[in-house]
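Chemist: My questions will all concern the structure given below.
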Amino acid sequence: MAIPVFVDSDVIISSLMSSSGAAHLLLHDTDGLKLTVSTVSVGECERVVDRLGLDIANLNQVIR
């Protein structure tokens with residue numbers, strides 16, 4: 001049974017900024033987890049990605 005985990009926008013943005021941090025590990029090693037992101041968090045992530053000049057394609061991949 002997968003453990004439900006709500007993922008905050010801070011975790012998503014942190015994972016996009018560093019591939020060696022805990023946030024990146026959480027989002028890419030999801031065995032036994034059911035990750036959930038709210039539409040509000042997705043919108044916030046899109047604004048932050050735009051403001052910081054991060055790759056929107058990477059964000060879309062993480063959210064998927």
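Simple scheme: letters A, B, ... for chains in structure tokens order, numbers from 1 for residues in each chain, numbers from 1 for ligands in the order shown.
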Counting only C-alpha atoms, what is within 8 Å of region 42-58 of chain A, bar same-chain residues fewer than 5 positions away, as a PyMOL selection string?
Modeler: chain A and resi 9+12-13+16+37+63
Chemist: Restricting the calculation to only C-alpha atoms: of A:Ala2, A:Lys34, A:Val40, A:Val62, which residue gets closest to Ser14 (chain A)?
Modeler: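 Distance minimum relative to Ser14 (chain A) lands on A:Val62.
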Chemist: How far is it from CA of Asp31 (chain A) to CA of Ser19 (chain A), in Å with one decimal?
Modeler: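 Going from CA of Asp31 (chain A) over to CA of Ser19 (chain A) covers 18.0 Å.
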Chemist: From the set A:Arg64, A:Thr30, A:Leu59, A:Ser38, which residue has the shortest atom-to-atom contact distance to Ser15 (chain A), counting only C-alpha atoms?
Modeler: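 Of A:Arg64, A:Thr30, A:Leu59, A:Ser38, the one nearest Ser15 (chain A) is A:Leu59, counting only C-alpha atoms.
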Chemist: Name the residues of chain A that come out as alpha helix (DSSP H) in a backbone DSSP run; write them as a PyMOL selection string.
Modeler: chain A and resi 9-17+22-28+39-52+56-63
Chemist: Using N, CA and C atoms, can you write the selected residues to a file as an mmCIF file, in the first residue's frame?
Modeler:
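Output (again_39.cif):
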```
data_model
loop_
_atom_site.group_PDB
_atom_site.id
_atom_site.type_symbol
_atom_site.label_atom_id
_atom_site.label_comp_id
_atom_site.auth_asym_id
_atom_site.auth_seq_id
_atom_site.Cartn_x
_atom_site.Cartn_y
_atom_site.Cartn_z
ATOM 1 N N SER A 9 5.165 23.154 -3.020
ATOM 2 C CA SER A 9 5.904 23.785 -4.112
ATOM 3 C C SER A 9 7.377 23.987 -3.769
ATOM 4 N N ASP A 10 7.704 24.213 -2.506
ATOM 5 C CA ASP A 10 9.105 24.377 -2.104
ATOM 6 C C ASP A 10 9.921 23.121 -2.399
ATOM 7 N N VAL A 11 9.331 21.963 -2.200
ATOM 8 C CA VAL A 11 10.018 20.699 -2.477
ATOM 9 C C VAL A 11 10.264 20.565 -3.973
ATOM 10 N N ILE A 12 9.274 20.904 -4.769
ATOM 11 C CA ILE A 12 9.411 20.788 -6.221
ATOM 12 C C ILE A 12 10.491 21.728 -6.743
ATOM 13 N N ILE A 13 10.449 22.980 -6.325
ATOM 14 C CA ILE A 13 11.445 23.955 -6.781
ATOM 15 C C ILE A 13 12.836 23.548 -6.310
ATOM 16 N N SER A 14 12.960 23.096 -5.074
ATOM 17 C CA SER A 14 14.264 22.644 -4.567
ATOM 18 C C SER A 14 14.808 21.493 -5.388
ATOM 19 N N SER A 15 13.926 20.580 -5.787
ATOM 20 C CA SER A 15 14.381 19.439 -6.578
ATOM 21 C C SER A 15 14.847 19.865 -7.967
ATOM 22 N N LEU A 16 14.275 20.944 -8.501
ATOM 23 C CA LEU A 16 14.703 21.452 -9.802
ATOM 24 C C LEU A 16 16.038 22.179 -9.717
ATOM 25 N N MET A 17 16.330 22.737 -8.558
ATOM 26 C CA MET A 17 17.553 23.515 -8.390
ATOM 27 C C MET A 17 18.762 22.658 -8.016
ATOM 28 N N ALA A 22 17.743 16.313 -0.793
ATOM 29 C CA ALA A 22 16.688 15.423 -0.311
ATOM 30 C C ALA A 22 15.404 15.587 -1.118
ATOM 31 N N ALA A 23 15.088 16.807 -1.536
ATOM 32 C CA ALA A 23 13.863 17.042 -2.307
ATOM 33 C C ALA A 23 13.925 16.295 -3.643
ATOM 34 N N HIS A 24 15.059 16.332 -4.287
ATOM 35 C CA HIS A 24 15.218 15.626 -5.561
ATOM 36 C C HIS A 24 15.075 14.121 -5.348
ATOM 37 N N LEU A 25 15.681 13.614 -4.306
ATOM 38 C CA LEU A 25 15.578 12.185 -3.986
ATOM 39 C C LEU A 25 14.130 11.791 -3.730
ATOM 40 N N LEU A 26 13.412 12.598 -2.959
ATOM 41 C CA LEU A 26 12.009 12.306 -2.656
ATOM 42 C C LEU A 26 11.169 12.215 -3.918
ATOM 43 N N LEU A 27 11.373 13.122 -4.856
ATOM 44 C CA LEU A 27 10.544 13.154 -6.061
ATOM 45 C C LEU A 27 10.962 12.138 -7.120
ATOM 46 N N HIS A 28 12.172 11.613 -7.023
ATOM 47 C CA HIS A 28 12.648 10.687 -8.052
ATOM 48 C C HIS A 28 12.777 9.252 -7.564
ATOM 49 N N THR A 39 -3.329 21.981 -7.381
ATOM 50 C CA THR A 39 -3.294 22.897 -8.527
ATOM 51 C C THR A 39 -2.755 24.264 -8.117
ATOM 52 N N VAL A 40 -2.981 24.648 -6.876
ATOM 53 C CA VAL A 40 -2.438 25.920 -6.365
ATOM 54 C C VAL A 40 -0.917 25.844 -6.338
ATOM 55 N N SER A 41 -0.360 24.717 -5.878
ATOM 56 C CA SER A 41 1.091 24.541 -5.841
ATOM 57 C C SER A 41 1.682 24.521 -7.245
ATOM 58 N N VAL A 42 0.983 23.897 -8.179
ATOM 59 C CA VAL A 42 1.463 23.858 -9.563
ATOM 60 C C VAL A 42 1.565 25.282 -10.110
ATOM 61 N N GLY A 43 0.547 26.092 -9.884
ATOM 62 C CA GLY A 43 0.570 27.485 -10.337
ATOM 63 C C GLY A 43 1.704 28.263 -9.709
ATOM 64 N N GLU A 44 1.927 28.049 -8.425
ATOM 65 C CA GLU A 44 3.024 28.721 -7.734
ATOM 66 C C GLU A 44 4.366 28.281 -8.320
ATOM 67 N N CYS A 45 4.514 27.001 -8.590
ATOM 68 C CA CYS A 45 5.749 26.484 -9.190
ATOM 69 C C CYS A 45 5.996 27.110 -10.553
ATOM 70 N N GLU A 46 4.964 27.229 -11.352
ATOM 71 C CA GLU A 46 5.112 27.824 -12.687
ATOM 72 C C GLU A 46 5.596 29.266 -12.590
ATOM 73 N N ARG A 47 5.059 30.027 -11.635
ATOM 74 C CA ARG A 47 5.494 31.418 -11.453
ATOM 75 C C ARG A 47 6.947 31.492 -10.997
ATOM 76 N N VAL A 48 7.331 30.627 -10.076
ATOM 77 C CA VAL A 48 8.702 30.630 -9.560
ATOM 78 C C VAL A 48 9.688 30.177 -10.639
ATOM 79 N N VAL A 49 9.333 29.148 -11.389
ATOM 80 C CA VAL A 49 10.195 28.673 -12.482
ATOM 81 C C VAL A 49 10.427 29.808 -13.482
ATOM 82 N N ASP A 50 9.381 30.528 -13.814
ATOM 83 C CA ASP A 50 9.509 31.652 -14.740
ATOM 84 C C ASP A 50 10.401 32.741 -14.149
ATOM 85 N N ARG A 51 10.162 33.085 -12.890
ATOM 86 C CA ARG A 51 10.930 34.156 -12.237
ATOM 87 C C ARG A 51 12.408 33.800 -12.113
ATOM 88 N N LEU A 52 12.722 32.519 -11.845
ATOM 89 C CA LEU A 52 14.108 32.100 -11.655
ATOM 90 C C LEU A 52 14.787 31.667 -12.956
ATOM 91 N N ILE A 56 10.977 24.991 -17.731
ATOM 92 C CA ILE A 56 9.577 24.605 -17.524
ATOM 93 C C ILE A 56 9.350 23.140 -17.889
ATOM 94 N N ALA A 57 10.124 22.618 -18.843
ATOM 95 C CA ALA A 57 9.984 21.208 -19.226
ATOM 96 C C ALA A 57 10.348 20.300 -18.051
ATOM 97 N N ASN A 58 11.368 20.676 -17.283
ATOM 98 C CA ASN A 58 11.735 19.896 -16.092
ATOM 99 C C ASN A 58 10.622 19.928 -15.065
ATOM 100 N N LEU A 59 9.993 21.081 -14.898
ATOM 101 C CA LEU A 59 8.874 21.189 -13.967
ATOM 102 C C LEU A 59 7.744 20.277 -14.408
ATOM 103 N N ASN A 60 7.399 20.326 -15.675
ATOM 104 C CA ASN A 60 6.299 19.491 -16.177
ATOM 105 C C ASN A 60 6.608 18.012 -15.985
ATOM 106 N N GLN A 61 7.859 17.630 -16.156
ATOM 107 C CA GLN A 61 8.239 16.232 -15.965
ATOM 108 C C GLN A 61 8.088 15.812 -14.502
ATOM 109 N N VAL A 62 8.493 16.677 -13.589
ATOM 110 C CA VAL A 62 8.373 16.359 -12.155
ATOM 111 C C VAL A 62 6.910 16.269 -11.745
ATOM 112 N N ILE A 63 6.103 17.174 -12.239
ATOM 113 C CA ILE A 63 4.683 17.195 -11.859
ATOM 114 C C ILE A 63 3.942 15.986 -12.414
#
```
Chemist: Name all residues at most 9 Å from Ile3 (chain A) (count only C-alpha atoms; drop same-chain ones fewer than 3 positions away) and give them as a ChimeraX atom specification.
Modeler: /A:32-35
Chemist: For all heavy atoms, I'd like the residues from the last selection saved as a compact mmCIF listing (two decimals), in the first residue's frame.
Modeler:
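Printed below is out.txt as written:
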```txt
# COMPACT_ATOMS: atom_id res chain seq x y z
N GLY A 32 6.80 3.11 -3.07
CA GLY A 32 5.98 3.06 -1.86
C GLY A 32 5.29 4.36 -1.51
O GLY A 32 4.65 4.46 -0.47
N LEU A 33 5.44 5.38 -2.36
CA LEU A 33 4.81 6.68 -2.10
C LEU A 33 3.81 7.01 -3.21
O LEU A 33 4.02 6.70 -4.37
CB LEU A 33 5.86 7.79 -2.05
CG LEU A 33 6.98 7.64 -1.02
CD1 LEU A 33 7.96 8.80 -1.17
CD2 LEU A 33 6.43 7.57 0.38
N LYS A 34 2.73 7.69 -2.81
CA LYS A 34 1.79 8.25 -3.78
C LYS A 34 1.84 9.76 -3.61
O LYS A 34 1.29 10.31 -2.67
CB LYS A 34 0.37 7.74 -3.55
CG LYS A 34 -0.62 8.35 -4.53
CD LYS A 34 -2.00 7.77 -4.36
CE LYS A 34 -3.05 8.38 -5.23
NZ LYS A 34 -2.71 9.28 -6.27
N LEU A 35 2.58 10.41 -4.51
CA LEU A 35 2.79 11.85 -4.40
C LEU A 35 1.61 12.61 -4.97
O LEU A 35 1.06 12.25 -6.02
CB LEU A 35 4.07 12.25 -5.14
CG LEU A 35 5.35 11.55 -4.69
CD1 LEU A 35 6.52 12.04 -5.51
CD2 LEU A 35 5.60 11.73 -3.21
```
Chemist: Enumerate as a short mmCIF file (atom, residue, chain, number, x, y, z; two decimals) with all heavy atoms, in the first residue's frame all residues of chain A assigned to strand (DSSP E or B) by DSSP on the backbone, naming them with the chain letters and numbers the document uses.
Modeler:
```cif
data_model
loop_
_atom_site.label_atom_id
_atom_site.label_comp_id
_atom_site.auth_asym_id
_atom_site.auth_seq_id
_atom_site.Cartn_x
_atom_site.Cartn_y
_atom_site.Cartn_z
N ILE A 3 2.07 5.03 0.50
CA ILE A 3 1.88 6.06 1.51
C ILE A 3 1.58 7.38 0.79
O ILE A 3 2.37 7.83 -0.04
CB ILE A 3 3.14 6.22 2.38
CG1 ILE A 3 3.45 4.92 3.09
CG2 ILE A 3 2.98 7.37 3.37
CD1 ILE A 3 4.81 4.89 3.76
N PRO A 4 0.43 8.02 1.11
CA PRO A 4 0.12 9.30 0.46
C PRO A 4 1.00 10.43 1.02
O PRO A 4 1.15 10.56 2.24
CB PRO A 4 -1.35 9.52 0.79
CG PRO A 4 -1.61 8.70 2.00
CD PRO A 4 -0.63 7.57 1.99
N VAL A 5 1.59 11.21 0.13
CA VAL A 5 2.45 12.32 0.52
C VAL A 5 2.07 13.54 -0.29
O VAL A 5 2.07 13.50 -1.53
CB VAL A 5 3.94 11.99 0.27
CG1 VAL A 5 4.83 13.17 0.59
CG2 VAL A 5 4.37 10.76 1.06
N PHE A 6 1.73 14.65 0.38
CA PHE A 6 1.46 15.91 -0.30
C PHE A 6 2.80 16.61 -0.51
O PHE A 6 3.58 16.78 0.43
CB PHE A 6 0.53 16.82 0.53
CG PHE A 6 0.37 18.18 -0.08
CD1 PHE A 6 -0.47 18.37 -1.17
CD2 PHE A 6 1.08 19.25 0.41
CE1 PHE A 6 -0.60 19.62 -1.75
CE2 PHE A 6 0.95 20.50 -0.17
CZ PHE A 6 0.11 20.68 -1.24
N LEU A 33 5.44 5.38 -2.36
CA LEU A 33 4.81 6.68 -2.10
C LEU A 33 3.81 7.01 -3.21
O LEU A 33 4.02 6.70 -4.37
CB LEU A 33 5.86 7.79 -2.05
CG LEU A 33 6.98 7.64 -1.02
CD1 LEU A 33 7.96 8.80 -1.17
CD2 LEU A 33 6.43 7.57 0.38
N LYS A 34 2.73 7.69 -2.81
CA LYS A 34 1.79 8.25 -3.78
C LYS A 34 1.84 9.76 -3.61
O LYS A 34 1.29 10.31 -2.67
CB LYS A 34 0.37 7.74 -3.55
CG LYS A 34 -0.62 8.35 -4.53
CD LYS A 34 -2.00 7.77 -4.36
CE LYS A 34 -3.05 8.38 -5.23
NZ LYS A 34 -2.71 9.28 -6.27
N LEU A 35 2.58 10.41 -4.51
CA LEU A 35 2.79 11.85 -4.40
C LEU A 35 1.61 12.61 -4.97
O LEU A 35 1.06 12.25 -6.02
CB LEU A 35 4.07 12.25 -5.14
CG LEU A 35 5.35 11.55 -4.69
CD1 LEU A 35 6.52 12.04 -5.51
CD2 LEU A 35 5.60 11.73 -3.21
N THR A 36 1.22 13.69 -4.28
CA THR A 36 0.11 14.54 -4.68
C THR A 36 0.55 15.99 -4.65
O THR A 36 1.22 16.41 -3.71
CB THR A 36 -1.09 14.36 -3.73
OG1 THR A 36 -1.45 12.99 -3.69
CG2 THR A 36 -2.27 15.18 -4.17
#
```
